[in-house]
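Q: Here you go, final22.pdb (PDB, C-alpha atoms):
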```
ATOM      1  CA  MET K  81       4.520   4.821  18.046
ATOM      2  CA  ARG K  82       4.626   4.302  14.293
ATOM      3  CA  LYS K  83       1.500   4.670  12.205
ATOM      4  CA  LEU K  84       0.010   2.382   9.583
ATOM      5  CA  THR K  85      -0.884   4.103   6.303
ATOM      6  CA  TYR K  86      -2.920   2.464   3.555
ATOM      7  CA  TYR K  87      -1.424   4.191   0.489
ATOM      8  CA  VAL K  88      -3.007   2.778  -2.635
ATOM      9  CA  ALA K  89      -4.470   3.612  -6.042
ATOM     10  CA  ALA K  90      -8.219   3.190  -6.471
ATOM     11  CA  SER K  91     -10.813   3.631  -9.173
ATOM     12  CA  LEU K  92     -13.728   6.038  -8.789
ATOM     13  CA  ASP K  93     -15.896   3.064  -7.849
ATOM     14  CA  GLY K  94     -13.527   1.815  -5.152
ATOM     15  CA  PHE K  95     -11.462  -0.945  -6.750
ATOM     16  CA  ILE K  96      -7.686  -1.324  -6.342
ATOM     17  CA  ALA K  97      -7.335  -3.862  -9.153
ATOM     18  CA  GLY K  98      -9.364  -5.803 -11.671
ATOM     19  CA  PRO K  99     -10.788  -9.248 -10.850
ATOM     20  CA  ASP K 100      -7.504 -10.891 -11.887
ATOM     21  CA  GLY K 101      -5.320  -8.452  -9.907
ATOM     22  CA  ASP K 102      -4.424  -6.314 -12.925
ATOM     23  CA  PHE K 103      -3.967  -2.616 -12.151
ATOM     24  CA  SER K 104      -2.612  -1.399 -15.507
ATOM     25  CA  PHE K 105      -5.783   0.660 -16.083
ATOM     26  CA  PHE K 106      -4.553   3.205 -13.517
ATOM     27  CA  ALA K 107      -2.690   6.310 -14.720
ATOM     28  CA  LEU K 108       0.911   5.108 -14.922
ATOM     29  CA  GLU K 109       2.172   8.433 -16.252
ATOM     30  CA  GLY K 110       1.329  12.044 -15.654
ATOM     31  CA  ASP K 111       2.124  14.987 -13.424
ATOM     32  CA  HIS K 112       0.914  13.163 -10.300
ATOM     33  CA  LEU K 113       3.764  10.631 -10.581
ATOM     34  CA  THR K 114       6.481  13.256 -10.322
ATOM     35  CA  ALA K 115       4.937  14.705  -7.161
ATOM     36  CA  LEU K 116       4.165  11.343  -5.552
ATOM     37  CA  ASN K 117       7.616   9.920  -6.310
ATOM     38  CA  GLU K 118       9.160  13.003  -4.702
ATOM     39  CA  GLN K 119       6.947  12.758  -1.616
ATOM     40  CA  HIS K 120       7.079   8.955  -1.211
ATOM     41  CA  PRO K 121      10.117   7.649  -3.133
ATOM     42  CA  GLU K 122      10.143   4.407  -1.152
ATOM     43  CA  THR K 123       6.807   3.358  -2.700
ATOM     44  CA  VAL K 124       8.448   2.873  -6.093
ATOM     45  CA  PRO K 125       9.486  -0.780  -6.565
ATOM     46  CA  THR K 126      13.234  -1.317  -6.319
ATOM     47  CA  ALA K 127      13.539  -2.413  -9.969
ATOM     48  CA  TRP K 128      11.981   0.862 -11.180
ATOM     49  CA  ARG K 129      13.746   3.304  -8.856
ATOM     50  CA  GLU K 130      16.729   3.976 -11.102
ATOM     51  CA  ALA K 131      14.543   4.591 -14.177
ATOM     52  CA  ALA K 132      12.433   6.977 -12.072
ATOM     53  CA  GLY K 133      15.585   8.844 -10.986
ATOM     54  CA  ILE K 134      15.220   7.791  -7.346
ATOM     55  CA  ASP K 135      18.377   7.057  -5.397
ATOM     56  CA  GLY K 136      17.754   8.857  -2.120
ATOM     57  CA  PRO K 137      16.762   7.523   1.272
ATOM     58  CA  ASN K 138      13.277   6.523   2.391
ATOM     59  CA  LYS K 139      11.310   9.559   3.560
ATOM     60  CA  VAL K 140       8.047   8.306   5.065
ATOM     61  CA  PHE K 141       8.038   4.496   5.271
ATOM     62  CA  ASP K 142      10.614   1.843   6.146
ATOM     63  CA  THR K 143       8.248  -1.157   6.194
ATOM     64  CA  VAL K 144       5.796  -2.417   3.560
ATOM     65  CA  LEU K 145       2.913  -4.842   4.174
ATOM     66  CA  MET K 146       1.452  -6.960   1.390
ATOM     67  CA  GLY K 147      -1.214  -9.603   1.091
ATOM     68  CA  ARG K 148      -0.543 -12.738  -0.891
ATOM     69  CA  GLY K 149      -2.157 -11.412  -4.097
ATOM     70  CA  THR K 150      -0.138  -8.197  -4.027
ATOM     71  CA  TYR K 151       3.081 -10.120  -3.438
ATOM     72  CA  GLU K 152       2.279 -12.568  -6.248
ATOM     73  CA  MET K 153       1.728  -9.655  -8.673
ATOM     74  CA  GLY K 154       5.375  -8.728  -8.058
ATOM     75  CA  ILE K 155       6.425 -12.314  -8.684
ATOM     76  CA  LYS K 156       4.613 -12.238 -12.047
ATOM     77  CA  THR K 157       6.900  -9.350 -13.045
ATOM     78  CA  GLY K 158       9.946 -11.386 -11.953
ATOM     79  CA  SER K 159      10.501  -9.777  -8.559
ATOM     80  CA  PHE K 160      10.497 -11.993  -5.479
ATOM     81  CA  SER K 161      11.695  -9.015  -3.439
ATOM     82  CA  PRO K 162       9.826  -6.034  -4.946
ATOM     83  CA  TYR K 163      10.806  -3.491  -2.270
ATOM     84  CA  ARG K 164      14.337  -4.513  -1.255
ATOM     85  CA  HIS K 165      14.901  -0.997   0.117
ATOM     86  CA  LEU K 166      12.136  -1.615   2.717
ATOM     87  CA  ARG K 167      11.378  -4.246   5.319
ATOM     88  CA  GLN K 168       8.879  -6.457   3.460
ATOM     89  CA  VAL K 169       6.155  -8.385   5.286
ATOM     90  CA  VAL K 170       3.751 -10.666   3.412
ATOM     91  CA  PHE K 171       0.616 -11.975   5.137
ATOM     92  CA  SER K 172      -0.764 -15.315   3.972
ATOM     93  CA  THR K 173      -1.939 -18.524   5.578
ATOM     94  CA  GLY K 174      -1.687 -20.496   2.339
ATOM     95  CA  TYR K 175       1.345 -19.216   0.410
ATOM     96  CA  SER K 176       3.870 -21.988  -0.176
ATOM     97  CA  GLY K 177       5.992 -20.540  -2.961
ATOM     98  CA  GLU K 178       9.443 -19.057  -3.000
ATOM     99  CA  LEU K 179      10.191 -15.962  -0.931
ATOM    100  CA  GLY K 180      12.607 -13.285  -1.998
ATOM    101  CA  GLU K 181      15.570 -12.116   0.022
ATOM    102  CA  GLY K 182      14.434 -10.041   2.983
ATOM    103  CA  VAL K 183      10.759 -11.007   2.650
ATOM    104  CA  GLU K 184       9.106 -12.112   5.888
ATOM    105  CA  LEU K 185       6.050 -14.369   5.652
ATOM    106  CA  VAL K 186       3.495 -14.035   8.463
ATOM    107  CA  ARG K 187       0.893 -16.785   8.730
ATOM    108  CA  THR K 188      -0.607 -15.619  12.026
ATOM    109  CA  ASP K 189      -2.970 -12.803  13.025
ATOM    110  CA  PRO K 190      -2.116  -9.672  10.982
ATOM    111  CA  ILE K 191      -3.446  -7.327  13.688
ATOM    112  CA  ALA K 192      -1.080  -8.761  16.292
ATOM    113  CA  LYS K 193       1.874  -8.407  13.904
ATOM    114  CA  VAL K 194       0.964  -4.793  13.020
ATOM    115  CA  ARG K 195       0.662  -3.873  16.697
ATOM    116  CA  GLU K 196       4.125  -5.345  17.227
ATOM    117  CA  LEU K 197       5.522  -3.375  14.270
ATOM    118  CA  LYS K 198       3.943  -0.141  15.521
ATOM    119  CA  GLU K 199       5.835  -0.480  18.800
ATOM    120  CA  GLU K 200       9.206  -0.647  17.034
ATOM    121  CA  ASP K 201      11.322   2.407  16.291
ATOM    122  CA  GLY K 202      11.461   3.643  12.742
ATOM    123  CA  LEU K 203       9.558   5.360   9.977
ATOM    124  CA  GLY K 204       5.948   4.647   9.047
ATOM    125  CA  ILE K 205       4.403   1.371   7.946
ATOM    126  CA  TRP K 206       2.937   1.242   4.440
ATOM    127  CA  LEU K 207       0.071  -1.097   3.639
ATOM    128  CA  CYS K 208       0.316  -1.395  -0.132
ATOM    129  CA  GLY K 209      -2.407  -4.015  -0.674
ATOM    130  CA  GLY K 210      -4.569  -5.927  -1.034
ATOM    131  CA  GLY K 211      -8.193  -5.420  -0.203
ATOM    132  CA  GLY K 212      -8.522  -8.522   1.975
ATOM    133  CA  LEU K 213      -5.537  -7.573   4.112
ATOM    134  CA  ALA K 214      -6.796  -3.975   4.323
ATOM    135  CA  GLY K 215     -10.146  -5.311   5.500
ATOM    136  CA  SER K 216      -8.460  -7.367   8.207
ATOM    137  CA  LEU K 217      -6.268  -4.464   9.302
ATOM    138  CA  LEU K 218      -8.937  -1.739   9.218
ATOM    139  CA  PRO K 219      -8.968  -1.408  13.043
ATOM    140  CA  GLU K 220      -5.223  -0.616  12.954
ATOM    141  CA  ILE K 221      -5.137   1.746   9.955
ATOM    142  CA  ASP K 222      -4.254   5.255  11.135
ATOM    143  CA  GLU K 223      -4.197   7.001   7.775
ATOM    144  CA  LEU K 224      -5.610   6.494   4.283
ATOM    145  CA  MET K 225      -3.869   7.967   1.245
ATOM    146  CA  ILE K 226      -6.036   7.128  -1.728
ATOM    147  CA  LYS K 227      -4.755   7.903  -5.224
ATOM    148  CA  LEU K 228      -8.184   8.274  -6.809
ATOM    149  CA  ASN K 229      -7.872   7.606 -10.530
ATOM    150  CA  PRO K 230     -10.362   8.944 -13.108
ATOM    151  CA  VAL K 231     -11.543   5.502 -14.180
ATOM    152  CA  VAL K 232     -14.509   3.267 -13.373
ATOM    153  CA  ALA K 233     -13.544  -0.410 -13.114
ATOM    154  CA  GLY K 234     -16.998  -1.937 -12.646
ATOM    155  CA  SER K 235     -15.708  -4.883 -10.614
ATOM    156  CA  GLY K 236     -12.499  -6.225  -9.156
ATOM    157  CA  ILE K 237     -10.654  -6.177  -5.861
ATOM    158  CA  PRO K 238     -12.280  -3.640  -3.532
ATOM    159  CA  LEU K 239     -10.376  -1.111  -1.443
ATOM    160  CA  PHE K 240     -11.539  -3.020   1.637
ATOM    161  CA  ASN K 241     -12.842  -6.561   1.433
ATOM    162  CA  ARG K 242     -14.681  -7.255   4.687
ATOM    163  CA  GLU K 243     -18.089  -7.421   6.255
ATOM    164  CA  PHE K 244     -19.865  -4.143   6.872
ATOM    165  CA  THR K 245     -18.126  -2.009   9.484
ATOM    166  CA  ALA K 246     -18.367   1.776   9.507
ATOM    167  CA  ALA K 247     -14.975   3.280  10.362
ATOM    168  CA  GLN K 248     -14.818   7.077  10.482
ATOM    169  CA  PHE K 249     -11.965   9.074   8.942
ATOM    170  CA  ARG K 250     -11.398  12.811   8.544
ATOM    171  CA  LEU K 251     -10.053  14.453   5.375
ATOM    172  CA  THR K 252      -6.761  16.210   6.173
ATOM    173  CA  ALA K 253      -5.306  16.917   2.712
ATOM    174  CA  HIS K 254      -6.099  16.642  -0.954
ATOM    175  CA  ASP K 255      -4.144  17.233  -4.127
ATOM    176  CA  VAL K 256      -5.638  17.241  -7.613
ATOM    177  CA  TYR K 257      -3.389  16.839 -10.647
ATOM    178  CA  ASP K 258      -3.792  17.680 -14.329
ATOM    179  CA  SER K 259      -3.695  13.922 -15.014
ATOM    180  CA  GLY K 260      -7.070  13.682 -13.273
ATOM    181  CA  VAL K 261      -5.656  11.801 -10.300
ATOM    182  CA  ALA K 262      -6.706  13.150  -6.905
ATOM    183  CA  VAL K 263      -4.780  12.110  -3.795
ATOM    184  CA  MET K 264      -7.038  12.172  -0.773
ATOM    185  CA  THR K 265      -5.507  11.858   2.713
ATOM    186  CA  TYR K 266      -7.649  10.872   5.675
ATOM    187  CA  VAL K 267      -6.838  10.174   9.325
ATOM    188  CA  ARG K 268      -8.858   8.054  11.699
ATOM    189  CA  ARG K 269     -11.346   9.991  13.832
TER     190      ARG K 269
END
```
I'd like the structure from this file rewritten - as structure tokens, please.

A:
Amino acid sequence: MRKLTYYVAASLDGFIAGPDGDFSFFALEGDHLTALNEQHPETVPTAWREAAGIDGPNKVFDTVLMGRGTYEMGIKTGSFSPYRHLRQVVFSTGYSGELGEGVELVRTDPIAKVRELKEEDGLGIWLCGGGGLAGSLLPEIDELMIKLNPVVAGSGIPLFNREFTAAQFRLTAHDVYDSGVAVMTYVRR
């Protein structure tokens, strides 16, 4: 069975983006990027892979899940298919815009779809955002990989946007970089 990993950047106060979806305040350069791109090359958007020197195969994930807001951030940069090298699944009940080539839109229960995906053969499933989708999928998240950035946002889109539910995870790895970014890996207890 494949596992679902929420691999995302977050501020020290638990936000994955500003109120308008902007995430440019995260460290977009530094020693952490070299290591993370080597470990998870498939998490680099297709348009940026060549500039980042990435041309190899996917190592960890072959499927990416996005909420509507995350997908629309890609559209704002001109990419209707931001991860063409992965199977792309967008969850939204209200999205009516254009879809890029290879992008699947799911309007039904995200938990049911993730359970279906987990039963398929392949590499892992990457939940790249957003906070609302992460909140909905919390019962199915097997692993958290939080790229904790040395910044306080104050407000914005939270890591998980849902009603109070205490879900227990166990720290299994951590890496701290000179850039100040700490990558914390947790698995569900």

Q: Using the chain letters and numbers from this file, what does the PyMOL selection byres ((chain K and resi 122) around 10) select? Give the answer as a PyMOL selection string.

A: chain K and resi 117-121+123-126+129+134-144+163-166+206

Q: Enclose the full set of atoms of segment 191-198 of chain K listed in the file within a box whose edges lie along x, y and z, apply 3 Å of padding to each of the six sides, and report centre and edge lengths in Å to one decimal as lines of an AutoDock Vina configuration file.

A:
```
center_x = 1.0
center_y = -4.5
center_z = 15.1
size_x = 15.0
size_y = 14.6
size_z = 10.2
```

Q: Step by step, work through what the PyMOL selection byres ((chain K and resi 214-229) around 7) selects in the shown file, and finish by giving those residues as a PyMOL selection string.

A: chain K and resi 83-92+106-107+190-191+209-213+230-231+240-242+260-268

Q: Calculate how many Å separate atom CA of Val232 of chain K from atom CA of Val256 of chain K, rounding to one decimal.

A: 17.5 Å

Q: Which value, in Å to one decimal, gives the distance between atom CA of Pro99 of chain K and atom CA of Met153 of chain K?

A: 12.7 Å

Q: May I ask which of the residues K:Leu203, K:Gly147, K:Phe160, K:Phe103 is the closest one to Arg187 of chain K, counting all atoms listed in the file?

A: K:Gly147

Q: Return the single residue from K:Ala192, K:Leu116, K:Ile205, K:Leu179 that is closest to Arg167 of chain K, with distances computed using only C-alpha atoms.

A: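 Checking each candidate against Arg167 of chain K, we get K:Ile205 as the closest.
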
Q: Could you please determine the separation between atom CA of Ala115 of chain K and atom CA of Leu251 of chain K in Å, to one decimal place?

A: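 Separation of atom CA of Ala115 of chain K and atom CA of Leu251 of chain K: 19.5 Å.
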
Q: Report the residues retrieved by the PyMOL selection byres ((chain K and resi 148) around 8) from the displayed file, expressed as a VMD selection string.

A: chain K and resid 146 to 147 149 to 152 170 to 172 175 210

Q: Between K:Cys208, K:Leu197, K:Tyr257, K:Gly110, which one has atoms that come closest to Pro162 of chain K, using only C-alpha atoms?

A: K:Cys208

Q: From the options K:Pro238, K:Arg82, K:Arg269, K:Phe249, which residue's atoms come nearest to Phe95 of chain K, counting only C-alpha atoms?

A: K:Pro238

Q: From the set K:Gly174, K:Gly158, K:Gly202, K:Gly133, which residue has the shortest atom-to-atom contact distance to Met81 of chain K, counting only C-alpha atoms?

A: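 Smallest distance to Met81 of chain K is found for K:Gly202.
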
Q: Calculated over all atoms listed in the file, which of the candidates K:Gly94, K:Asp111, K:Ala131, K:Ser161 has the smallest distance to Asp255 of chain K?

A: K:Asp111
